[in-house]
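Heads up, upload24.cif below (mmCIF, C-alpha atoms):
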```cif
data_model
#
loop_
_atom_site.label_atom_id
_atom_site.label_comp_id
_atom_site.auth_asym_id
_atom_site.auth_seq_id
_atom_site.Cartn_x
_atom_site.Cartn_y
_atom_site.Cartn_z
CA MET A 1 0.00 0.00 0.00
CA PRO A 2 1.55 3.36 -0.95
CA VAL A 3 0.48 5.15 2.29
CA ARG A 4 2.25 3.83 5.36
CA VAL A 5 1.09 4.18 8.97
CA HIS A 6 3.93 4.71 11.46
CA LEU A 7 2.00 3.43 14.44
CA ASP A 8 4.71 1.10 15.71
CA GLU A 9 7.37 3.83 15.75
CA LEU A 10 5.13 6.33 17.53
CA LEU A 11 3.93 3.80 20.11
CA THR A 12 7.56 2.94 20.90
CA ALA A 13 8.51 6.61 21.12
CA ARG A 14 5.60 7.33 23.47
CA SER A 15 6.14 4.10 25.46
CA MET A 16 2.58 3.12 24.83
CA THR A 17 1.06 -0.22 24.02
CA LEU A 18 -1.54 -0.84 21.35
CA THR A 19 -4.02 -1.77 24.08
CA GLU A 20 -3.50 1.53 25.86
CA LEU A 21 -3.93 3.43 22.61
CA SER A 22 -7.10 1.47 21.90
CA GLU A 23 -8.56 2.52 25.27
CA ARG A 24 -7.57 6.16 24.77
CA VAL A 25 -9.00 6.63 21.28
CA GLY A 26 -11.99 4.27 21.57
CA ILE A 27 -11.01 2.14 18.60
CA THR A 28 -11.05 -1.62 18.96
CA LEU A 29 -7.78 -3.49 19.15
CA ALA A 30 -8.75 -5.40 16.00
CA ASN A 31 -9.19 -2.19 14.00
CA LEU A 32 -5.92 -0.75 15.30
CA SER A 33 -4.18 -3.96 14.25
CA ILE A 34 -5.67 -3.59 10.77
CA LEU A 35 -4.31 -0.04 10.68
CA LYS A 36 -0.91 -1.09 12.00
CA THR A 37 -0.48 -3.89 9.47
CA GLY A 38 -1.42 -1.68 6.54
CA LYS A 39 -4.60 -3.57 5.72
CA ALA A 40 -6.90 -0.60 6.18
CA ARG A 41 -8.20 0.87 2.94
CA ALA A 42 -9.37 4.20 4.32
CA VAL A 43 -9.13 6.24 7.51
CA ARG A 44 -11.74 8.67 8.74
CA PHE A 45 -10.62 12.16 9.69
CA SER A 46 -12.17 11.63 13.13
CA THR A 47 -10.00 8.55 13.66
CA LEU A 48 -6.90 10.37 12.44
CA GLU A 49 -7.61 13.26 14.79
CA ALA A 50 -8.17 10.92 17.76
CA LEU A 51 -4.90 9.09 17.04
CA CYS A 52 -2.93 12.33 16.70
CA VAL A 53 -4.35 13.63 19.98
CA ALA A 54 -3.53 10.39 21.82
CA LEU A 55 -0.04 10.12 20.30
CA GLU A 56 0.62 13.88 20.50
CA CYS A 57 1.72 14.05 16.89
CA GLN A 58 0.89 15.61 13.56
CA PRO A 59 -0.85 13.64 10.79
CA GLY A 60 2.34 13.89 8.75
CA GLU A 61 4.23 12.02 11.47
CA LEU A 62 1.66 9.25 11.55
CA LEU A 63 1.21 8.84 7.78
CA SER A 64 3.70 8.92 4.94
CA ARG A 65 3.56 8.02 1.32
CA GLU A 66 5.97 5.50 -0.04
CA ALA A 67 7.46 6.14 -3.46
CA MET B 1 -13.90 -25.29 21.61
CA THR B 2 -17.31 -23.66 21.54
CA THR B 3 -19.39 -23.59 18.37
CA PRO B 4 -20.38 -20.11 17.21
CA SER B 5 -24.01 -19.31 17.85
CA PRO B 6 -26.11 -18.69 14.72
CA ALA B 7 -26.63 -15.07 13.71
CA PRO B 8 -29.92 -13.64 14.99
CA LEU B 9 -32.50 -13.36 12.23
CA SER B 10 -33.75 -9.98 11.10
CA THR B 11 -37.19 -9.03 12.39
CA SER B 12 -38.03 -7.09 9.21
CA ARG B 13 -41.68 -7.91 8.47
CA GLY B 14 -41.19 -7.82 4.73
CA LEU B 15 -38.35 -10.33 4.84
CA LEU B 16 -40.20 -12.49 7.38
CA TRP B 17 -43.33 -12.78 5.24
CA PHE B 18 -41.34 -13.34 2.06
CA ASP B 19 -39.43 -16.11 3.83
CA ARG B 20 -42.72 -17.68 4.90
CA LEU B 21 -44.05 -17.43 1.35
CA LEU B 22 -40.99 -19.23 0.03
CA ARG B 23 -41.41 -21.96 2.66
CA LEU B 24 -45.03 -22.42 1.61
CA MET B 25 -43.96 -22.57 -2.03
CA THR B 26 -41.44 -25.24 -1.09
CA VAL B 27 -44.23 -27.40 0.34
CA VAL B 28 -46.37 -26.83 -2.76
CA PHE B 29 -43.41 -27.68 -4.99
CA ILE B 30 -42.74 -30.89 -3.09
CA VAL B 31 -46.34 -32.00 -3.59
CA GLY B 32 -46.30 -30.88 -7.23
CA THR B 33 -43.03 -32.66 -7.92
CA ILE B 34 -44.26 -35.92 -6.41
CA ALA B 35 -47.48 -35.65 -8.42
CA TYR B 36 -45.67 -34.87 -11.65
CA LEU B 37 -43.10 -37.63 -11.20
CA GLY B 38 -46.00 -39.97 -10.53
CA THR B 39 -47.58 -39.12 -13.89
CA VAL B 40 -44.23 -39.57 -15.64
CA VAL B 41 -43.64 -42.97 -14.08
CA THR B 42 -47.18 -44.24 -14.71
CA GLY B 43 -47.16 -42.78 -18.23
CA SER B 44 -50.35 -40.83 -17.69
CA SER B 45 -48.62 -37.62 -18.74
CA GLY B 46 -47.94 -36.91 -22.37
CA GLY B 47 -50.36 -34.19 -23.35
CA VAL B 48 -48.92 -31.82 -25.84
CA GLY B 49 -50.23 -28.42 -26.87
CA VAL B 50 -50.72 -27.87 -30.54
CA GLU B 51 -51.15 -24.40 -31.91
CA ALA B 52 -52.10 -23.54 -35.45
CA THR B 53 -53.61 -20.62 -37.31
CA VAL B 54 -55.98 -21.65 -40.07
CA GLU B 55 -58.59 -19.89 -42.14
CA PRO B 56 -62.25 -20.87 -41.65
CA PRO B 57 -64.07 -23.07 -42.37
CA LEU B 58 -62.14 -25.16 -39.95
CA VAL B 59 -61.73 -28.87 -40.24
CA ILE B 60 -59.84 -30.88 -37.66
CA SER B 61 -58.36 -34.16 -38.82
CA LEU B 62 -56.94 -36.56 -36.28
CA ASP B 63 -54.92 -39.69 -37.01
CA ASP B 64 -57.17 -41.90 -34.94
CA GLY B 65 -60.49 -40.31 -35.85
CA PRO B 66 -62.63 -38.87 -38.64
CA SER B 67 -62.36 -35.32 -39.92
CA ILE B 68 -64.45 -33.01 -37.81
CA PRO B 69 -65.83 -29.80 -39.28
CA LEU B 70 -66.15 -27.07 -36.69
CA ALA B 71 -68.23 -23.96 -36.70
CA ALA B 72 -67.99 -22.93 -33.06
CA ASP B 73 -66.12 -23.59 -29.81
CA GLY B 74 -66.78 -26.91 -28.26
CA GLN B 75 -65.46 -30.07 -26.88
CA ILE B 76 -65.25 -33.33 -28.76
CA ASP B 77 -64.61 -36.52 -26.83
CA ASP B 78 -61.87 -35.61 -24.39
CA ARG B 79 -60.29 -33.07 -26.67
CA ALA B 80 -61.01 -29.46 -25.80
CA LEU B 81 -61.00 -27.19 -28.81
CA ASP B 82 -60.96 -23.45 -28.63
CA LEU B 83 -61.66 -21.42 -31.76
CA GLU B 84 -60.57 -17.84 -31.61
CA HIS B 85 -60.41 -15.70 -34.69
CA GLY B 86 -59.39 -18.59 -36.85
CA GLU B 87 -56.76 -19.81 -34.40
CA VAL B 88 -57.01 -23.40 -33.30
CA ARG B 89 -55.50 -24.68 -30.09
CA ALA B 90 -55.73 -28.32 -29.22
CA SER B 91 -54.36 -30.47 -26.48
CA ILE B 92 -53.64 -33.92 -27.78
CA ARG B 93 -52.73 -36.91 -25.68
CA LEU B 94 -49.87 -38.86 -27.18
CA SER B 95 -50.41 -42.54 -27.78
CA GLU B 96 -48.45 -45.08 -25.76
CA ASN B 97 -46.52 -46.03 -28.88
CA ASP B 98 -45.28 -42.48 -29.33
CA THR B 99 -42.30 -43.08 -27.04
CA ASP B 100 -40.02 -40.46 -28.61
CA ALA B 101 -42.52 -37.68 -28.16
CA ARG B 102 -43.48 -38.85 -24.66
CA ALA B 103 -39.80 -38.92 -23.71
CA VAL B 104 -39.35 -35.35 -24.93
CA VAL B 105 -42.43 -34.19 -22.99
CA ALA B 106 -41.34 -36.01 -19.83
CA LEU B 107 -37.76 -34.72 -20.03
CA SER B 108 -39.02 -31.19 -20.65
CA GLY B 109 -41.19 -31.44 -17.57
CA VAL B 110 -38.30 -32.73 -15.47
CA ALA B 111 -36.04 -29.94 -16.76
CA VAL B 112 -38.67 -27.34 -15.82
CA MET B 113 -38.99 -28.94 -12.36
CA VAL B 114 -35.21 -28.79 -11.88
CA ALA B 115 -35.16 -25.14 -12.97
CA LEU B 116 -38.03 -24.26 -10.62
CA TRP B 117 -36.39 -26.08 -7.69
CA THR B 118 -33.05 -24.38 -8.38
CA GLY B 119 -34.76 -20.99 -8.47
CA LEU B 120 -36.63 -21.68 -5.24
CA VAL B 121 -33.54 -22.89 -3.36
CA VAL B 122 -31.49 -19.91 -4.60
CA ALA B 123 -34.25 -17.45 -3.65
CA ARG B 124 -34.49 -18.95 -0.15
CA ARG B 125 -30.73 -18.65 0.34
CA ILE B 126 -30.80 -15.00 -0.75
CA VAL B 127 -33.58 -14.23 1.72
CA ARG B 128 -31.84 -16.24 4.45
CA ALA B 129 -28.62 -14.24 4.03
CA ALA B 130 -30.62 -11.02 4.24
CA ARG B 131 -32.44 -12.18 7.38
CA GLU B 132 -29.08 -13.02 8.97
CA GLY B 133 -28.10 -9.38 8.50
CA ASN B 134 -25.82 -9.99 5.53
CA PRO B 135 -27.77 -9.07 2.38
CA PHE B 136 -24.59 -8.03 0.61
CA ASP B 137 -23.09 -11.48 0.92
CA PRO B 138 -20.86 -11.94 -2.17
CA ARG B 139 -22.62 -15.26 -2.76
CA ASN B 140 -25.90 -13.36 -3.26
CA VAL B 141 -24.39 -11.71 -6.35
CA ARG B 142 -23.78 -15.12 -7.86
CA ARG B 143 -27.21 -16.34 -6.76
CA LEU B 144 -28.96 -13.42 -8.46
CA ARG B 145 -27.04 -14.15 -11.66
CA VAL B 146 -28.18 -17.78 -11.46
CA LEU B 147 -31.81 -16.65 -11.08
CA ALA B 148 -31.39 -14.31 -14.06
CA GLY B 149 -29.94 -17.17 -16.10
CA LEU B 150 -32.92 -19.40 -15.24
CA PHE B 151 -35.36 -16.80 -16.57
CA VAL B 152 -33.55 -16.85 -19.91
CA LEU B 153 -32.89 -20.61 -19.96
CA VAL B 154 -36.49 -21.72 -19.39
CA PRO B 155 -37.91 -20.17 -22.60
CA ALA B 156 -34.77 -21.23 -24.51
CA GLY B 157 -35.23 -24.78 -23.22
CA SER B 158 -38.91 -24.65 -24.13
CA GLU B 159 -37.95 -23.66 -27.68
CA VAL B 160 -35.47 -26.55 -27.94
CA SER B 161 -37.97 -29.08 -26.60
CA SER B 162 -40.67 -27.80 -28.95
CA ARG B 163 -38.37 -28.35 -31.93
CA LEU B 164 -37.49 -31.81 -30.70
CA LEU B 165 -41.17 -32.55 -30.18
CA SER B 166 -42.06 -31.33 -33.66
CA SER B 167 -39.66 -33.80 -35.22
CA ALA B 168 -40.72 -36.56 -32.82
CA VAL B 169 -44.47 -36.35 -33.53
CA ASP B 170 -43.93 -35.81 -37.26
CA ALA B 171 -46.60 -33.12 -37.29
CA ASP B 172 -47.90 -31.22 -40.28
CA PRO B 173 -45.46 -28.31 -40.90
CA ARG B 174 -48.35 -25.89 -40.60
CA LEU B 175 -48.82 -26.90 -36.99
CA GLN B 176 -46.57 -25.54 -34.30
CA VAL B 177 -46.21 -28.29 -31.73
CA SER B 178 -45.04 -27.26 -28.29
CA VAL B 179 -45.08 -28.33 -24.67
CA GLY B 180 -45.77 -24.76 -23.69
CA SER B 181 -44.83 -21.40 -25.11
CA PRO B 182 -43.71 -18.97 -22.41
CA ASP B 183 -43.70 -15.27 -23.11
CA TRP B 184 -40.09 -14.68 -24.14
CA GLY B 185 -40.30 -10.91 -23.76
CA VAL B 186 -41.53 -10.92 -20.17
CA LEU B 187 -39.07 -13.58 -19.02
CA VAL B 188 -36.06 -11.93 -20.66
CA LEU B 189 -37.08 -8.59 -19.13
CA VAL B 190 -37.28 -10.17 -15.68
CA GLY B 191 -33.91 -11.83 -16.29
CA LEU B 192 -32.35 -8.51 -17.27
CA GLY B 193 -33.83 -6.91 -14.18
CA LEU B 194 -32.29 -9.58 -11.99
CA LEU B 195 -28.93 -9.16 -13.72
CA ALA B 196 -29.07 -5.42 -13.05
CA LEU B 197 -29.91 -6.19 -9.41
CA ALA B 198 -26.92 -8.55 -9.27
CA GLU B 199 -24.64 -5.72 -10.40
CA VAL B 200 -26.15 -3.40 -7.80
CA PHE B 201 -25.49 -6.05 -5.13
CA SER B 202 -21.94 -6.44 -6.45
CA GLU B 203 -21.41 -2.74 -5.93
CA GLY B 204 -23.01 -3.05 -2.50
CA VAL B 205 -20.54 -5.79 -1.57
CA ALA B 206 -17.63 -3.60 -2.66
CA LEU B 207 -18.94 -0.62 -0.68
CA ARG B 208 -19.52 -2.77 2.39
CA ASP B 209 -15.99 -4.18 2.15
CA LEU B 210 -14.62 -0.64 1.85
CA ASP B 211 -16.66 0.43 4.86
CA GLN B 212 -15.42 -2.52 6.91
CA ALA B 213 -11.84 -1.74 5.94
CA THR B 214 -12.28 1.92 6.91
CA ILE B 215 -10.95 2.68 10.36
#
```
Full structure transcribed into structure tokens:
Amino acid sequence: MPVRVHLDELLTARSMTLTELSERVGITLANLSILKTGKARAVRFSTLEALCVALECQPGELLSREA
Amino acid sequence: MTTPSPAPLSTSRGLLWFDRLLRLMTVVFIVGTIAYLGTVVTGSSGGVGVEATVEPPLVISLDDGPSIPLAADGQIDDRALDLEHGEVRASIRLSENDTDARAVVALSGVAVMVALWTGLVVARRIVRAAREGNPFDPRNVRRLRVLAGLFVLVPAGSEVSSRLLSSAVDADPRLQVSVGSPDWGVLVLVGLGLLALAEVFSEGVALRDLDQATI
């Protein structure tokens, strides 16, 4: 998939587990796993905003486009 | 290891009543199939519809009987004759020696039964998937295409069997012998409608998959 989600890197940097993130943003662990593994086909702006708030980052840090 | 519990069925009244209608039709089909197979086995089936357009005065000549001049509608022996604007329709029972024609009629009937049963089973599975909360099951796309195909195949099959029957009974070329002549136009229209619905469902499946993969 050309757009990559840097969830692993940000979770490590923030010393947070996927479970903790799931509880903070209100997204199920299964859906976060789909996002983490690059199997998601679309992301809602509301989800992106919730993730950025929980991870204290900008959307550009969370998402990048591979060449 | 626990077995997954079955999905709760939808309480939609429309789906519920349609499901009940299909169940009732299944019972009727079972009875009809047993009755039809009984006539095939005992050889009491074998009536064939004959259609012809002739100019009056009308004279009906049968192989096993005298020529019968007709001036009005009526019934002669066990043969019902309907005169309508110079068009003659007759239902003739095939003799026991006419094995070729009887075989064609019986096989045509069995083929129609198979098509009807296939359609009924497919329709019940479509409704079942919808009642389980999964109307956009990818299998429903294929099922709708099967139903559409049946609506086109039945008149095509009827045409084939009529041609086979014509050669089997060695009828006068002026007579069009058939086991039944469905309205091509209506059936093809219904088939096209079902095909269009199948494509709509295909799009629905794609949109549902996209929605499920949207976080």
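Atom CA of Asp137 of chain B is positioned 23.8 Å from atom CA of Thr28 of chain A.
Minimum distance to Leu192 of chain B across B:Leu150, B:Ala111, B:Leu16, B:Ala168 (counting all atoms listed in the file) occurs at B:Leu150.
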Expected answer as a PDB file with C-alpha atoms, in the coordinates of the input: chain B residues within 8 Å of chain A, all atoms listed in the file:
```
ATOM      1  CA  LEU B 210     -14.620  -0.640   1.850  1.00  0.00           C
ATOM      2  CA  ALA B 213     -11.840  -1.740   5.940  1.00  0.00           C
ATOM      3  CA  THR B 214     -12.280   1.920   6.910  1.00  0.00           C
ATOM      4  CA  ILE B 215     -10.950   2.680  10.360  1.00  0.00           C
TER       5      ILE B 215
END
```
I would like the residues chosen by the PyMOL selection byres ((chain B and resi 131) around 7) on the shown file; could you give them as a tab-separated table (two decimals) with C-alpha atoms, in the coordinates of the input?
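part-v4.tsv written:
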```tsv
chain	number	residue	atom	x	y	z
B	9	LEU	CA	-32.50	-13.36	12.23
B	10	SER	CA	-33.75	-9.98	11.10
B	15	LEU	CA	-38.35	-10.33	4.84
B	127	VAL	CA	-33.58	-14.23	1.72
B	128	ARG	CA	-31.84	-16.24	4.45
B	129	ALA	CA	-28.62	-14.24	4.03
B	130	ALA	CA	-30.62	-11.02	4.24
B	132	GLU	CA	-29.08	-13.02	8.97
B	133	GLY	CA	-28.10	-9.38	8.50
```
Determine, counting all atoms listed in the file, which protein, DNA and RNA residues have an atom within 9 Å of an atom of Leu164 of chain B; residues of the same chain fewer than 5 positions away are not included. Present the result as a ChimeraX atom specification.
-> /B:101,104,159,169
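Here atom CA of Ser202 of chain B and atom CA of Pro138 of chain B stand 7.1 Å from one another.
When atom CA of Leu165 of chain B is paired with atom CA of Trp117 of chain B, their separation reads 23.9 Å.
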Would you mind writing segment 11-22 of chain A with all heavy atoms, as a compact mmCIF listing (two decimals), in the coordinates of the input?
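Once everything was written out, this is part_16.txt:
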```
# COMPACT_ATOMS: atom_id res chain seq x y z
N LEU A 11 4.25 4.48 18.85
CA LEU A 11 3.93 3.80 20.11
C LEU A 11 5.22 3.57 20.92
O LEU A 11 5.24 3.75 22.14
CB LEU A 11 3.22 2.47 19.84
CG LEU A 11 1.76 2.54 19.43
CD1 LEU A 11 1.25 1.17 18.99
CD2 LEU A 11 0.89 3.07 20.57
N THR A 12 6.28 3.17 20.22
CA THR A 12 7.56 2.94 20.90
C THR A 12 8.09 4.25 21.48
O THR A 12 8.56 4.31 22.63
CB THR A 12 8.60 2.36 19.92
OG1 THR A 12 8.06 1.18 19.32
CG2 THR A 12 9.90 2.01 20.64
N ALA A 13 8.01 5.30 20.67
CA ALA A 13 8.51 6.61 21.12
C ALA A 13 7.72 7.14 22.31
O ALA A 13 8.28 7.81 23.18
CB ALA A 13 8.45 7.59 19.95
N ARG A 14 6.45 6.83 22.37
CA ARG A 14 5.60 7.33 23.47
C ARG A 14 5.49 6.31 24.60
O ARG A 14 4.75 6.53 25.56
CB ARG A 14 4.19 7.66 22.96
CG ARG A 14 4.11 8.61 21.79
CD ARG A 14 4.53 10.02 22.18
NE ARG A 14 4.30 10.95 21.05
CZ ARG A 14 5.24 11.28 20.17
NH1 ARG A 14 6.45 10.74 20.25
NH2 ARG A 14 4.97 12.10 19.17
N SER A 15 6.20 5.19 24.45
CA SER A 15 6.14 4.10 25.46
C SER A 15 4.70 3.69 25.76
O SER A 15 4.28 3.61 26.92
CB SER A 15 6.81 4.54 26.76
OG SER A 15 8.13 4.92 26.53
N MET A 16 4.00 3.47 24.70
CA MET A 16 2.58 3.12 24.83
C MET A 16 2.34 1.80 24.13
O MET A 16 2.97 1.51 23.12
CB MET A 16 1.73 4.23 24.17
CG MET A 16 0.27 4.23 24.58
SD MET A 16 -0.70 5.42 23.64
CE MET A 16 0.07 6.95 24.08
N THR A 17 1.42 1.03 24.70
CA THR A 17 1.06 -0.22 24.02
C THR A 17 -0.16 0.01 23.13
O THR A 17 -0.88 1.00 23.29
CB THR A 17 0.74 -1.33 25.04
OG1 THR A 17 -0.41 -0.94 25.79
CG2 THR A 17 1.91 -1.58 25.98
N LEU A 18 -0.38 -0.93 22.25
CA LEU A 18 -1.54 -0.84 21.35
C LEU A 18 -2.84 -0.88 22.15
O LEU A 18 -3.81 -0.19 21.81
CB LEU A 18 -1.49 -1.99 20.35
CG LEU A 18 -2.26 -1.79 19.03
CD1 LEU A 18 -1.66 -0.64 18.24
CD2 LEU A 18 -2.24 -3.06 18.20
N THR A 19 -2.82 -1.66 23.24
CA THR A 19 -4.02 -1.77 24.08
C THR A 19 -4.33 -0.43 24.74
O THR A 19 -5.50 -0.01 24.79
CB THR A 19 -3.83 -2.85 25.16
OG1 THR A 19 -3.39 -4.06 24.53
CG2 THR A 19 -5.11 -3.12 25.92
N GLU A 20 -3.29 0.22 25.23
CA GLU A 20 -3.50 1.53 25.86
C GLU A 20 -4.04 2.54 24.85
O GLU A 20 -4.94 3.32 25.14
CB GLU A 20 -2.17 2.04 26.44
CG GLU A 20 -1.75 1.32 27.70
CD GLU A 20 -0.31 1.67 28.11
OE1 GLU A 20 0.37 2.42 27.40
OE2 GLU A 20 0.13 1.16 29.16
N LEU A 21 -3.46 2.52 23.67
CA LEU A 21 -3.93 3.43 22.61
C LEU A 21 -5.39 3.15 22.27
O LEU A 21 -6.18 4.08 22.09
CB LEU A 21 -3.04 3.28 21.36
CG LEU A 21 -3.39 4.19 20.19
CD1 LEU A 21 -3.18 5.65 20.57
CD2 LEU A 21 -2.55 3.85 18.98
N SER A 22 -5.73 1.87 22.20
CA SER A 22 -7.10 1.47 21.90
C SER A 22 -8.07 2.06 22.93
O SER A 22 -9.14 2.57 22.57
CB SER A 22 -7.19 -0.06 21.88
OG SER A 22 -8.53 -0.48 21.95
```
